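Input: a single structure, listed below in C-alpha cells.
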Amino acid sequence: MRLATWNVNSALSRLPRLLPWLDERAPDVVCLQETKLSDEAFAESFAAPLGERGYEVAHFGEGRWNGVALLSRVGLVDVVRGLVDEPRFPAPTSPAEARAVTATCGGLRVTSVYVPNGRAPGDPHYGYKLEWLAALQASVTDPATSVVAGDMNIAWTDDDLWDPSLFVESTHVTPPERKALAELQQLGLHDVVRDRWPGERVFTYWDYRAGLFHQDKGMRIDLVLAGADPAGRVAAAWVDRKARKGKGPSDHAPVIVDLDTAPDGDIGPVVPPPSTPAKLPHRA
C-alpha cells in the first residue's frame, strides 16, 4: 500500500497538477489538506476524475478556508468528519472548522489533518491550536492500527527548520506545541520519515517568497504518524519534492510512505534532492 499526504493549498488551483501526480505516483490512500472547497464544489470538480482512477472520496470542507479529504482505492468505511469534542473558534458557538476527516482504509484507521496555524504565541488562535491538538490526541482510540497524516503546522525539532534562529518568536516551534505533538506520538505513533532518515535534511514546506524553495530553505511540518502495525511495514518513506517544482505548485510537497513493498525502491529521503541546498546552521 502506498499512502501519501499533501497540503495542496487550494485543490481547484492544483487540479492540473494533482491528477497527473496521482497517475504518476499511484498512491492507494491520499490525505489532502487545504482543499478550500465546500463538499459540493469538491464533488463537482473531482468526483468524476477521481472515480475514473478508482478512488472513493471522503471530503470535509467549508468553502473558502481549510478543507480536508481522504482518497482511497483500498476501501473507505466508517467515515467521521471532524473530531469528537473539538474546540471551536473564535467562539464556542462557532461552526467546527474542516480540519480532520477519518476513515478505515485497507485495514488502517487513517486521519487526514490540517492543524490550526496558531498565528502567534499569545494570540487566541494559539490557544485554539493547543486545544485542537488535545482533541486530536483523544480521537486516536486504536493507536496500533492508526495513521495520522497531514499538515501539523509544527516543526518537531530544530533540525526540521532551515534556520532555527528565524523562528524564535514564532509559532510552530514553541515548547507547548512540540509537547502536544510529542504526546500524540506517545500514544504509540511513529514519525516514519524521521525514523527512516534520522540524520538527513528533510523539508516538506517552502514559502513562496524570495526563492526559498530553490535555496532549500524550508521546514518539515507535514508528517505521517503511524501506529505499530503500519510503522512496522514501512518499506520506503520520502518527500516528493518534484511535485513542488514547476509552474503553479503548492507551497508544500507530498510525503509518501510505502508499506510492505517499495515500487520505486528505497529512494528517499527527498526526491529529487535539491540542486543548491542551503547549509544548516552549525549547532555546537
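Residues are referred to by chain and number: the chain letter is A, B, ... according to the order shown in the C-alpha cells, the number counts from 1 in that chain, and ligands are numbered separately from 1 in the order shown.
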Could you please write out, as an MDAnalysis selection string, every residue of stretch 67-280 of chain A that DSSP assigns to strand (DSSP E)? chainID A and resid 68:72 77:81 100:105 108:114 146:151 190:191 222:226 234:240 255:259 270:271
I need the chosen residues saved as a tab-separated table (two decimals), in the first residue's frame, with C-alpha atoms.
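The result, stored in again.tsv:
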chain	number	residue	atom	x	y	z
A	68	VAL	CA	-9.53	18.03	4.16
A	69	ALA	CA	-10.07	14.87	2.16
A	70	LEU	CA	-9.31	11.17	2.02
A	71	LEU	CA	-8.95	9.38	-1.30
A	72	SER	CA	-8.76	5.59	-1.18
A	77	VAL	CA	-15.61	2.91	5.55
A	78	ASP	CA	-16.81	4.39	8.83
A	79	VAL	CA	-16.13	7.96	7.78
A	80	VAL	CA	-16.01	10.58	10.54
A	81	ARG	CA	-15.79	14.27	9.69
A	100	ALA	CA	-9.95	16.43	10.12
A	101	VAL	CA	-11.56	13.53	8.33
A	102	THR	CA	-11.10	9.88	9.32
A	103	ALA	CA	-11.94	6.55	7.70
A	104	THR	CA	-10.80	2.95	7.64
A	105	CYS	CA	-8.73	2.27	4.50
A	108	LEU	CA	-5.90	1.12	8.83
A	109	ARG	CA	-7.71	3.93	10.61
A	110	VAL	CA	-6.46	6.95	8.66
A	111	THR	CA	-6.96	10.59	9.62
A	112	SER	CA	-6.15	13.50	7.33
A	113	VAL	CA	-5.44	16.55	9.49
A	114	TYR	CA	-4.87	20.24	8.98
A	146	SER	CA	-3.85	4.26	13.15
A	147	VAL	CA	-2.25	6.69	10.75
A	148	VAL	CA	-2.48	10.43	11.42
A	149	ALA	CA	-1.13	12.32	8.44
A	150	GLY	CA	-1.17	15.87	7.27
A	151	ASP	CA	-0.04	19.42	7.84
A	190	HIS	CA	5.90	6.78	14.90
A	191	ASP	CA	7.21	9.65	12.78
A	222	ASP	CA	3.92	17.66	7.10
A	223	LEU	CA	4.09	14.33	8.91
A	224	VAL	CA	2.93	10.74	8.68
A	225	LEU	CA	2.48	9.37	12.21
A	226	ALA	CA	1.82	5.65	12.15
A	234	VAL	CA	7.32	0.69	6.14
A	235	ALA	CA	9.42	-0.16	3.09
A	236	ALA	CA	10.12	3.42	2.00
A	237	ALA	CA	9.35	6.91	3.26
A	238	TRP	CA	10.14	10.03	1.28
A	239	VAL	CA	9.20	13.56	0.29
A	240	ASP	CA	8.16	14.06	-3.34
A	255	VAL	CA	5.03	12.91	1.80
A	256	ILE	CA	4.86	9.32	0.56
A	257	VAL	CA	5.09	6.15	2.63
A	258	ASP	CA	5.20	2.68	1.08
A	259	LEU	CA	4.03	-0.24	3.20
A	270	VAL	CA	13.78	13.72	-0.73
A	271	VAL	CA	13.17	13.03	-4.42
Quick one: everything within 12 Å of stretch 168-179 of chain A, counting only C-alpha atoms, minus sequence neighbours fewer than 2 positions away in the same chain. Send it as number ranges by chain. A: 115-123, 125-134, 137, 151-161, 163-166, 181-186, 219-222
Quick check for you: according to DSSP on this backbone, which residues of stretch 90-260 of chain A are classed as helix (DSSP H, G or I)? Reply as a VMD selection string. chain A and resid 124 to 139 143 to 145 158 to 160 164 to 167 175 to 185 192 to 196 209 to 211 228 to 231 241 to 244
For A:Pro230, the closest of A:Asp264, A:Val192, A:Gly51, A:Asp216 counting only C-alpha atoms is A:Val192
